[in-house]
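Next comes entry_11.pdb, with PDB, C-alpha atoms.
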```
ATOM      1  CA  MET F 439     -78.747 210.415  16.958
ATOM      2  CA  ILE F 440     -80.942 210.688  20.058
ATOM      3  CA  GLN F 441     -80.101 211.771  23.544
ATOM      4  CA  LEU F 442     -81.486 210.361  26.756
ATOM      5  CA  PHE F 443     -81.099 211.566  30.306
ATOM      6  CA  ILE F 444     -80.379 208.478  32.396
ATOM      7  CA  ASN F 445     -80.286 209.042  36.152
ATOM      8  CA  GLY F 446     -79.565 212.690  35.478
ATOM      9  CA  GLU F 447     -76.726 212.028  33.008
ATOM     10  CA  ARG F 448     -76.981 212.899  29.324
ATOM     11  CA  ARG F 449     -76.171 210.021  26.973
ATOM     12  CA  GLU F 450     -76.225 209.777  23.214
ATOM     13  CA  PHE F 451     -77.391 206.819  21.135
ATOM     14  CA  PRO F 452     -77.130 206.357  17.361
ATOM     15  CA  ALA F 453     -80.850 205.594  16.964
ATOM     16  CA  ALA F 454     -84.084 205.160  18.911
ATOM     17  CA  LEU F 455     -84.030 202.020  21.052
ATOM     18  CA  SER F 456     -86.306 200.043  23.362
ATOM     19  CA  VAL F 457     -86.006 199.901  27.138
ATOM     20  CA  ALA F 458     -84.967 196.252  26.779
ATOM     21  CA  THR F 459     -82.145 197.121  24.355
ATOM     22  CA  LEU F 460     -80.959 199.903  26.625
ATOM     23  CA  ALA F 461     -80.929 197.519  29.603
ATOM     24  CA  GLU F 462     -78.837 195.118  27.545
ATOM     25  CA  GLN F 463     -76.357 197.867  26.609
ATOM     26  CA  LEU F 464     -76.057 198.870  30.257
ATOM     27  CA  GLU F 465     -75.457 195.225  31.229
ATOM     28  CA  LEU F 466     -78.561 195.108  33.398
ATOM     29  CA  ILE F 467     -79.997 191.912  31.964
ATOM     30  CA  GLY F 468     -80.629 189.372  34.694
ATOM     31  CA  LYS F 469     -80.483 192.062  37.389
ATOM     32  CA  ARG F 470     -83.431 193.336  39.334
ATOM     33  CA  PHE F 471     -84.046 196.928  38.348
ATOM     34  CA  ALA F 472     -86.999 199.211  37.725
ATOM     35  CA  VAL F 473     -87.409 201.943  35.118
ATOM     36  CA  GLU F 474     -89.321 205.189  35.082
ATOM     37  CA  VAL F 475     -89.567 207.101  31.797
ATOM     38  CA  ASN F 476     -90.617 210.744  32.134
ATOM     39  CA  GLY F 477     -92.066 209.997  35.560
ATOM     40  CA  GLU F 478     -94.055 206.920  34.510
ATOM     41  CA  ILE F 479     -93.045 203.389  35.421
ATOM     42  CA  VAL F 480     -92.495 201.023  32.498
ATOM     43  CA  PRO F 481     -93.377 197.509  33.741
ATOM     44  CA  LYS F 482     -90.970 194.665  32.911
ATOM     45  CA  ARG F 483     -93.374 193.054  30.450
ATOM     46  CA  GLN F 484     -93.357 196.269  28.406
ATOM     47  CA  HIS F 485     -89.569 196.750  28.243
ATOM     48  CA  ALA F 486     -89.258 195.197  24.785
ATOM     49  CA  GLU F 487     -92.093 197.145  23.197
ATOM     50  CA  THR F 488     -91.393 200.549  24.786
ATOM     51  CA  THR F 489     -89.343 202.772  22.483
ATOM     52  CA  LEU F 490     -87.314 205.573  23.978
ATOM     53  CA  ASN F 491     -87.494 208.929  22.270
ATOM     54  CA  ASP F 492     -85.091 211.816  21.980
ATOM     55  CA  GLY F 493     -85.037 213.817  25.223
ATOM     56  CA  ASP F 494     -86.644 211.135  27.423
ATOM     57  CA  ARG F 495     -85.726 211.261  31.086
ATOM     58  CA  LEU F 496     -85.130 207.897  32.708
ATOM     59  CA  GLU F 497     -84.713 206.770  36.268
ATOM     60  CA  LEU F 498     -83.127 203.332  36.599
ATOM     61  CA  VAL F 499     -83.145 202.019  40.171
ATOM     62  CA  VAL F 500     -82.065 198.999  42.196
ATOM     63  CA  ALA F 501     -82.373 197.869  45.814
ATOM     64  CA  VAL F 502     -79.393 198.757  48.007
ATOM     65  CA  GLY F 503     -78.555 198.431  51.687
ATOM     66  CA  GLY F 504     -80.528 200.819  53.848
ATOM     67  CA  GLY F 505     -82.330 201.182  57.146
TER      68      GLY F 505
ATOM     69  CA  MET C 748     -95.099 178.008  76.324
ATOM     70  CA  THR C 749     -97.280 178.972  73.395
ATOM     71  CA  THR C 750     -95.530 180.422  70.394
ATOM     72  CA  ASP C 751     -95.674 184.168  70.344
ATOM     73  CA  THR C 752     -96.211 185.358  66.804
ATOM     74  CA  PHE C 753     -97.649 188.539  65.369
ATOM     75  CA  GLN C 754     -99.120 189.633  62.082
ATOM     76  CA  ILE C 755     -98.379 192.461  59.717
ATOM     77  CA  ALA C 756    -100.714 192.918  56.759
ATOM     78  CA  GLY C 757    -102.065 189.394  57.177
ATOM     79  CA  LYS C 758     -98.705 187.609  57.279
ATOM     80  CA  THR C 759     -97.468 185.933  60.458
ATOM     81  CA  TYR C 760     -93.968 186.565  61.789
ATOM     82  CA  SER C 761     -92.185 185.092  64.764
ATOM     83  CA  SER C 762     -89.234 187.482  64.944
ATOM     84  CA  ARG C 763     -90.094 190.851  66.426
ATOM     85  CA  LEU C 764     -86.760 192.301  65.411
ATOM     86  CA  LEU C 765     -86.712 193.975  62.003
ATOM     87  CA  VAL C 766     -83.355 195.132  60.704
ATOM     88  CA  GLY C 767     -81.923 197.461  58.145
ATOM     89  CA  THR C 768     -79.245 196.460  55.664
ATOM     90  CA  GLY C 769     -77.270 199.714  55.514
ATOM     91  CA  LYS C 770     -73.939 200.854  56.953
ATOM     92  CA  TYR C 771     -72.244 197.428  57.079
ATOM     93  CA  LYS C 772     -68.608 196.949  56.063
ATOM     94  CA  ASP C 773     -69.557 194.614  53.209
ATOM     95  CA  PHE C 774     -72.339 192.268  52.095
ATOM     96  CA  ASP C 775     -70.778 189.360  53.936
ATOM     97  CA  GLU C 776     -70.961 191.199  57.264
ATOM     98  CA  THR C 777     -74.518 192.295  56.418
ATOM     99  CA  ARG C 778     -75.569 188.712  55.880
ATOM    100  CA  ARG C 779     -73.861 187.392  59.001
ATOM    101  CA  ALA C 780     -75.372 190.092  61.227
ATOM    102  CA  ILE C 781     -78.846 189.514  59.820
ATOM    103  CA  ASP C 782     -78.534 185.762  60.303
ATOM    104  CA  GLU C 783     -77.476 186.329  63.904
ATOM    105  CA  SER C 784     -80.411 188.698  64.495
ATOM    106  CA  ASP C 785     -82.933 186.073  63.296
ATOM    107  CA  ALA C 786     -84.834 188.883  61.561
ATOM    108  CA  GLU C 787     -87.435 187.885  58.992
ATOM    109  CA  ILE C 788     -88.169 191.374  57.688
ATOM    110  CA  ILE C 789     -85.294 193.462  56.316
ATOM    111  CA  THR C 790     -85.394 196.997  54.998
ATOM    112  CA  VAL C 791     -83.758 198.072  51.753
ATOM    113  CA  ALA C 792     -83.366 201.437  50.058
ATOM    114  CA  ILE C 793     -84.152 202.222  46.423
ATOM    115  CA  ARG C 794     -81.381 204.066  44.617
ATOM    116  CA  ARG C 795     -80.243 204.918  41.092
ATOM    117  CA  VAL C 796     -78.257 202.267  39.236
ATOM    118  CA  ASN C 797     -74.590 203.147  39.165
ATOM    119  CA  ILE C 798     -74.246 203.337  35.369
ATOM    120  CA  GLY C 799     -70.908 202.097  34.150
ATOM    121  CA  GLN C 800     -70.204 200.091  37.291
ATOM    122  CA  ASP C 801     -68.803 196.621  36.711
ATOM    123  CA  ALA C 802     -71.946 194.561  36.084
ATOM    124  CA  SER C 803     -70.386 191.432  37.563
ATOM    125  CA  GLN C 804     -70.194 193.076  41.024
ATOM    126  CA  PRO C 805     -72.421 191.226  43.515
ATOM    127  CA  SER C 806     -75.570 192.999  44.656
ATOM    128  CA  LEU C 807     -77.389 193.055  47.968
ATOM    129  CA  LEU C 808     -79.978 190.693  46.530
ATOM    130  CA  ASP C 809     -77.311 188.052  45.863
ATOM    131  CA  TYR C 810     -76.494 187.965  49.574
ATOM    132  CA  LEU C 811     -80.039 188.396  50.875
ATOM    133  CA  PRO C 812     -82.346 186.662  48.386
ATOM    134  CA  PRO C 813     -85.941 187.936  48.503
ATOM    135  CA  SER C 814     -86.987 184.267  48.681
ATOM    136  CA  GLU C 815     -85.454 184.013  52.173
ATOM    137  CA  PHE C 816     -86.578 187.320  53.683
ATOM    138  CA  THR C 817     -89.531 189.662  53.577
ATOM    139  CA  TYR C 818     -88.224 192.798  51.941
ATOM    140  CA  LEU C 819     -89.343 196.132  53.278
ATOM    141  CA  PRO C 820     -88.360 198.815  50.763
ATOM    142  CA  ASN C 821     -88.131 202.232  52.382
ATOM    143  CA  THR C 822     -88.297 205.850  51.285
ATOM    144  CA  ALA C 823     -85.254 206.986  53.252
ATOM    145  CA  GLY C 824     -83.993 210.298  51.961
ATOM    146  CA  CYS C 825     -87.382 211.444  50.647
ATOM    147  CA  TYR C 826     -88.542 214.885  51.794
ATOM    148  CA  THR C 827     -91.858 215.115  49.947
ATOM    149  CA  ALA C 828     -94.919 212.892  49.635
ATOM    150  CA  GLU C 829     -94.415 212.886  45.858
ATOM    151  CA  ASP C 830     -90.854 211.522  46.033
ATOM    152  CA  ALA C 831     -91.863 208.889  48.578
ATOM    153  CA  ILE C 832     -94.787 207.719  46.435
ATOM    154  CA  ARG C 833     -92.611 207.533  43.296
ATOM    155  CA  THR C 834     -89.923 205.617  45.164
ATOM    156  CA  LEU C 835     -92.379 203.014  46.434
ATOM    157  CA  ARG C 836     -94.050 202.586  43.058
ATOM    158  CA  LEU C 837     -90.581 201.830  41.682
ATOM    159  CA  ALA C 838     -89.980 199.435  44.574
ATOM    160  CA  ARG C 839     -93.201 197.601  43.803
ATOM    161  CA  GLU C 840     -92.145 197.215  40.170
ATOM    162  CA  LEU C 841     -88.612 196.203  41.186
ATOM    163  CA  LEU C 842     -89.820 193.530  43.608
ATOM    164  CA  ASP C 843     -92.545 192.021  41.385
ATOM    165  CA  ASP C 844     -95.722 193.624  42.779
ATOM    166  CA  HIS C 845     -94.513 193.488  46.351
ATOM    167  CA  THR C 846     -96.822 195.675  48.471
ATOM    168  CA  LEU C 847     -95.295 195.771  51.985
ATOM    169  CA  VAL C 848     -93.387 199.048  52.305
ATOM    170  CA  LYS C 849     -91.930 201.394  54.858
ATOM    171  CA  LEU C 850     -93.011 204.986  54.368
ATOM    172  CA  GLU C 851     -90.818 207.671  55.843
ATOM    173  CA  VAL C 852     -90.885 211.293  54.776
ATOM    174  CA  LEU C 853     -88.206 213.357  56.401
ATOM    175  CA  GLY C 854     -88.568 216.967  57.391
ATOM    176  CA  ASP C 855     -85.044 218.088  58.004
ATOM    177  CA  PRO C 856     -81.596 216.746  57.061
ATOM    178  CA  GLN C 857     -80.082 217.724  60.415
ATOM    179  CA  THR C 858     -82.439 215.806  62.683
ATOM    180  CA  LEU C 859     -84.084 213.476  60.122
ATOM    181  CA  TYR C 860     -87.276 214.214  62.040
ATOM    182  CA  PRO C 861     -90.368 213.057  60.123
ATOM    183  CA  ASN C 862     -92.504 215.561  58.238
ATOM    184  CA  VAL C 863     -95.893 214.315  59.388
ATOM    185  CA  ARG C 864     -97.890 216.455  56.979
ATOM    186  CA  GLU C 865     -96.150 214.933  53.954
ATOM    187  CA  THR C 866     -96.267 211.513  55.612
ATOM    188  CA  LEU C 867    -100.061 211.690  55.988
ATOM    189  CA  LYS C 868    -100.437 212.813  52.354
ATOM    190  CA  ALA C 869     -98.262 209.988  51.049
ATOM    191  CA  ALA C 870     -99.959 207.398  53.266
ATOM    192  CA  GLU C 871    -103.389 208.271  51.854
ATOM    193  CA  VAL C 872    -102.245 207.817  48.264
ATOM    194  CA  LEU C 873    -100.262 204.634  48.926
ATOM    195  CA  VAL C 874    -103.059 202.922  50.874
ATOM    196  CA  LYS C 875    -105.486 203.738  48.040
ATOM    197  CA  GLU C 876    -103.035 202.215  45.555
ATOM    198  CA  GLY C 877    -103.019 198.951  47.501
ATOM    199  CA  PHE C 878     -99.729 199.238  49.363
ATOM    200  CA  ASP C 879     -99.380 197.775  52.859
ATOM    201  CA  VAL C 880     -97.852 200.795  54.540
ATOM    202  CA  MET C 881     -95.708 200.516  57.650
ATOM    203  CA  VAL C 882     -95.275 204.130  58.569
ATOM    204  CA  TYR C 883     -92.417 205.871  60.335
ATOM    205  CA  THR C 884     -93.710 208.809  62.337
ATOM    206  CA  SER C 885     -93.206 210.997  65.360
ATOM    207  CA  ASP C 886     -94.381 209.797  68.772
ATOM    208  CA  ASP C 887     -97.481 211.994  68.602
ATOM    209  CA  PRO C 888    -100.472 209.767  69.451
ATOM    210  CA  ILE C 889    -102.921 211.940  67.504
ATOM    211  CA  ILE C 890    -100.898 211.622  64.303
ATOM    212  CA  ALA C 891    -100.471 207.899  64.974
ATOM    213  CA  ARG C 892    -104.241 207.545  65.208
ATOM    214  CA  GLU C 893    -104.767 209.448  61.960
ATOM    215  CA  LEU C 894    -102.267 207.198  60.186
ATOM    216  CA  GLU C 895    -104.103 204.147  61.486
ATOM    217  CA  GLN C 896    -107.443 205.596  60.319
ATOM    218  CA  ILE C 897    -105.964 206.156  56.851
ATOM    219  CA  GLY C 898    -105.259 202.424  56.776
ATOM    220  CA  CYS C 899    -101.571 201.989  57.540
ATOM    221  CA  CYS C 900    -100.829 198.390  58.537
ATOM    222  CA  ALA C 901     -98.253 199.270  61.222
ATOM    223  CA  ILE C 902     -97.399 202.429  63.133
ATOM    224  CA  MET C 903     -93.693 202.978  63.707
ATOM    225  CA  PRO C 904     -92.954 205.866  66.039
ATOM    226  CA  LEU C 905     -89.408 206.958  66.684
ATOM    227  CA  ALA C 906     -87.875 206.325  70.096
ATOM    228  CA  SER C 907     -85.352 209.081  69.365
ATOM    229  CA  LEU C 908     -83.754 210.503  66.222
ATOM    230  CA  ILE C 909     -82.676 208.138  63.423
ATOM    231  CA  GLY C 910     -79.141 206.906  64.006
ATOM    232  CA  SER C 911     -78.801 208.845  67.278
ATOM    233  CA  GLY C 912     -78.640 205.836  69.599
ATOM    234  CA  MET C 913     -80.322 207.991  72.257
ATOM    235  CA  GLY C 914     -82.728 205.252  73.299
ATOM    236  CA  ILE C 915     -86.332 205.535  74.493
ATOM    237  CA  LEU C 916     -86.793 209.237  75.224
ATOM    238  CA  ASN C 917     -90.537 209.355  75.716
ATOM    239  CA  PRO C 918     -91.920 206.073  77.010
ATOM    240  CA  TRP C 919     -95.233 207.710  77.957
ATOM    241  CA  ASN C 920     -96.027 208.716  74.392
ATOM    242  CA  LEU C 921     -95.060 205.276  73.130
ATOM    243  CA  ARG C 922     -97.416 203.739  75.698
ATOM    244  CA  LEU C 923    -100.257 206.012  74.587
ATOM    245  CA  ILE C 924     -99.729 204.927  70.982
ATOM    246  CA  ILE C 925     -99.427 201.239  71.898
ATOM    247  CA  GLU C 926    -102.597 201.286  73.990
ATOM    248  CA  GLN C 927    -104.765 203.066  71.427
ATOM    249  CA  SER C 928    -103.596 201.206  68.291
ATOM    250  CA  LYS C 929    -105.289 198.163  66.814
ATOM    251  CA  VAL C 930    -102.513 197.620  64.265
ATOM    252  CA  PRO C 931     -98.972 196.606  65.326
ATOM    253  CA  VAL C 932     -96.784 199.331  66.805
ATOM    254  CA  LEU C 933     -93.052 199.019  66.179
ATOM    255  CA  VAL C 934     -90.407 201.297  67.574
ATOM    256  CA  ASP C 935     -88.389 202.555  64.638
ATOM    257  CA  ALA C 936     -85.236 204.593  65.154
ATOM    258  CA  GLY C 937     -83.225 205.633  68.149
ATOM    259  CA  VAL C 938     -82.306 202.330  69.770
ATOM    260  CA  GLY C 939     -78.649 202.431  70.846
ATOM    261  CA  THR C 940     -78.055 199.259  72.790
ATOM    262  CA  ALA C 941     -79.724 196.080  74.005
ATOM    263  CA  SER C 942     -81.352 197.603  77.093
ATOM    264  CA  ASP C 943     -83.144 200.161  74.884
ATOM    265  CA  ALA C 944     -84.629 197.325  72.855
ATOM    266  CA  ALA C 945     -85.721 195.516  76.022
ATOM    267  CA  ILE C 946     -87.337 198.685  77.403
ATOM    268  CA  ALA C 947     -89.259 199.243  74.177
ATOM    269  CA  MET C 948     -90.553 195.684  74.230
ATOM    270  CA  GLU C 949     -91.444 195.926  77.951
ATOM    271  CA  LEU C 950     -93.629 198.912  77.065
ATOM    272  CA  GLY C 951     -95.673 196.496  74.979
ATOM    273  CA  CYS C 952     -94.707 197.384  71.448
ATOM    274  CA  ASP C 953     -95.025 194.602  68.883
ATOM    275  CA  GLY C 954     -91.542 194.871  67.460
ATOM    276  CA  ILE C 955     -88.517 197.032  66.817
ATOM    277  CA  LEU C 956     -86.825 198.129  63.624
ATOM    278  CA  MET C 957     -83.176 199.084  63.847
ATOM    279  CA  ASN C 958     -80.090 199.440  61.682
ATOM    280  CA  THR C 959     -77.376 201.707  63.083
ATOM    281  CA  ALA C 960     -77.393 200.146  66.558
ATOM    282  CA  ILE C 961     -76.248 196.859  65.010
ATOM    283  CA  ALA C 962     -74.280 197.961  61.946
ATOM    284  CA  GLY C 963     -72.463 200.698  63.834
ATOM    285  CA  ALA C 964     -71.453 198.584  66.822
ATOM    286  CA  ARG C 965     -67.779 197.639  67.152
ATOM    287  CA  ASP C 966     -68.806 193.994  66.655
ATOM    288  CA  PRO C 967     -72.037 194.051  64.613
ATOM    289  CA  ILE C 968     -72.449 190.273  64.661
ATOM    290  CA  ARG C 969     -72.377 190.117  68.451
ATOM    291  CA  MET C 970     -74.654 193.151  68.739
ATOM    292  CA  ALA C 971     -77.141 191.493  66.393
ATOM    293  CA  ARG C 972     -77.292 188.580  68.831
ATOM    294  CA  ALA C 973     -77.611 190.953  71.810
ATOM    295  CA  MET C 974     -80.536 192.714  70.128
ATOM    296  CA  LYS C 975     -82.276 189.462  69.320
ATOM    297  CA  LEU C 976     -81.998 188.347  72.951
ATOM    298  CA  ALA C 977     -83.035 191.771  74.280
ATOM    299  CA  VAL C 978     -86.145 191.851  72.093
ATOM    300  CA  GLU C 979     -87.065 188.361  73.255
ATOM    301  CA  ALA C 980     -86.346 189.185  76.915
ATOM    302  CA  GLY C 981     -88.317 192.425  76.781
ATOM    303  CA  ARG C 982     -91.242 190.710  75.102
ATOM    304  CA  ASP C 983     -91.261 187.912  77.698
ATOM    305  CA  ALA C 984     -91.092 190.448  80.538
ATOM    306  CA  PHE C 985     -94.051 192.315  79.034
ATOM    307  CA  LEU C 986     -96.080 189.110  78.703
ATOM    308  CA  ALA C 987     -95.070 187.898  82.179
ATOM    309  CA  GLY C 988     -96.229 191.160  83.775
ATOM    310  CA  ARG C 989     -93.735 192.926  85.967
ATOM    311  CA  VAL C 990     -94.205 193.504  89.707
ATOM    312  CA  PRO C 991     -95.568 196.905  90.621
ATOM    313  CA  LYS C 992     -93.042 199.484  91.757
ATOM    314  CA  LYS C 993     -93.297 200.287  95.463
ATOM    315  CA  LEU C 994     -91.945 203.598  96.515
ATOM    316  CA  TYR C 995     -90.374 203.796  99.973
ATOM    317  CA  SER C 996     -91.214 200.272 101.148
ATOM    318  CA  GLY C 997     -89.241 197.065 100.982
ATOM    319  CA  ASP C 998     -90.852 193.661 100.631
ATOM    320  CA  PRO C 999     -88.719 190.728 101.797
ATOM    321  CA  SER C1000     -88.394 187.754  99.517
ATOM    322  CA  SER C1001     -87.705 185.354 102.410
ATOM    323  CA  PRO C1002     -90.292 184.305 105.049
ATOM    324  CA  ILE C1003     -90.669 186.787 107.894
ATOM    325  CA  THR C1004     -91.608 184.018 110.388
ATOM    326  CA  GLY C1005     -89.561 181.045 111.639
ATOM    327  CA  LEU C1006     -86.436 183.030 112.300
ATOM    328  CA  ILE C1007     -84.107 181.569 114.935
ATOM    329  CA  SER C1008     -84.317 183.347 118.246
ATOM    330  CA  GLY C1009     -81.610 185.194 120.068
ATOM    331  CA  THR C1010     -79.490 183.369 122.672
ATOM    332  CA  LYS C1011     -80.266 185.794 125.519
TER     333      LYS C1011
END
```
Rewrite the structure from the file as structure tokens, please.
Amino acid sequence: MIQLFINGERREFPAALSVATLAEQLELIGKRFAVEVNGEIVPKRQHAETTLNDGDRLELVVAVGGG
Amino acid sequence: MTTDTFQIAGKTYSSRLLVGTGKYKDFDETRRAIDESDAEIITVAIRRVNIGQDASQPSLLDYLPPSEFTYLPNTAGCYTAEDAIRTLRLARELLDDHTLVKLEVLGDPQTLYPNVRETLKAAEVLVKEGFDVMVYTSDDPIIARELEQIGCCAIMPLASLIGSGMGILNPWNLRLIIEQSKVPVLVDAGVGTASDAAIAMELGCDGILMNTAIAGARDPIRMARAMKLAVEAGRDAFLAGRVPKKLYSGDPSSPITGLISGTK
């Protein structure tokens, strides 16, 4: 069991997973989003190979209306 | 008439009205207002994904595809250089190495007045990292010059506080900035109605960025049209060159000779 902090919320997962797998579980596939893990951006091309570890802090962002 | 275009970071634009995408009733109204405004550059904010939200919900990008508009991600809500830099790095990743950004670092939640010290710090880092930085700032010409020297691609002084609709409060400062700057100067924030937009353009600024004035109007679609026309009218008036103001003396428009004579 590992826990991740996604956008400030604690979430538990049965095992370590990649950014790509997480995106799939959160139904973000096909959407435009960007990910920061512990303050560092993980580029799209590295989503599949980047494994998330217990305690990692993620920011998942999208573009929204704003001025 | 020759076409009147301008350039930001090497790209040519014909619309001098830039609009925000916030505060609309729904995405449909957003799209219709932006179409009516003829804007080519639209600002967007970067925010956390709403985890657990129905994934089939449409997103802003479905209504305003990045293929049709030039996106200008902003740092609205950031109060430190660090947060603004992080936000724009995320925006660059989100929008596939897109480099044109709007930097704004706020100093105070009450007035939303810019924190120029943090703004200067963030601008230095972002320019070094290859961003094309359009920078929101105060109407201080010395700060504007420093931001230009750092390498910002457009200077965007406020006309009055963000969302206040108070109009052009200090035209003299805006003129100082416009006259000294070699990069485009766009009035950002404070426009309330069409005449404000026209006044800003008559001062000689290259464009205007607004959101609340359109989105908050009773009829945003009609206001978008009014703003488009006002920006065009103000720009034309600036290019045409207004008549000088004459204090205390009239100047008739009709000939002063050839008047019929009296009957006596």
Choose the residue, out of F:Ala458, F:Val480, F:Leu496, F:Ala472, that has the smallest atom-to-atom separation from chain C; count only C-alpha atoms.
-> F:Ala472
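Going from CA of Ile755 (chain C) over to CA of Val930 (chain C), you cover 8.0 Å.
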Expressed in Å, the length from CA of Asn491 (chain F) to CA of Ala838 (chain C) is 24.4 Å
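Neighbours of region 984-992 of chain C closer than or equal to 8 Å, with all atoms listed in the file counted and sequence neighbours fewer than 2 positions away skipped, come out as Met948, Glu949, Leu950, Gly951, Ala980, Gly981, Arg982 and Leu994 of chain C.
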Write out as a PyMOL selection string the residues lying within 7 Å of Gln441 (chain F), counting only C-alpha atoms and excluding same-chain residues fewer than 6 positions away.
-> chain F and resi 448-451+492-493
Write out the residues from the selection above, keeping C-alpha atoms, as a compact mmCIF listing (two decimals), in the coordinates of the input.
```
# COMPACT_ATOMS: atom_id res chain seq x y z
CA ARG F 448 -76.98 212.90 29.32
CA ARG F 449 -76.17 210.02 26.97
CA GLU F 450 -76.22 209.78 23.21
CA PHE F 451 -77.39 206.82 21.14
CA ASP F 492 -85.09 211.82 21.98
CA GLY F 493 -85.04 213.82 25.22
```
Give the residues of chain C that lie within 6 Å of chain F; count all atoms listed in the file, and format the answer as a PyMOL selection string.
-> chain C and resi 767-769+790-796+837+841+958
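Residue nearest Glu462 (chain F), chosen from F:Leu442, F:Arg495, F:Ala486, F:Asn476 and counting only C-alpha atoms: F:Ala486.
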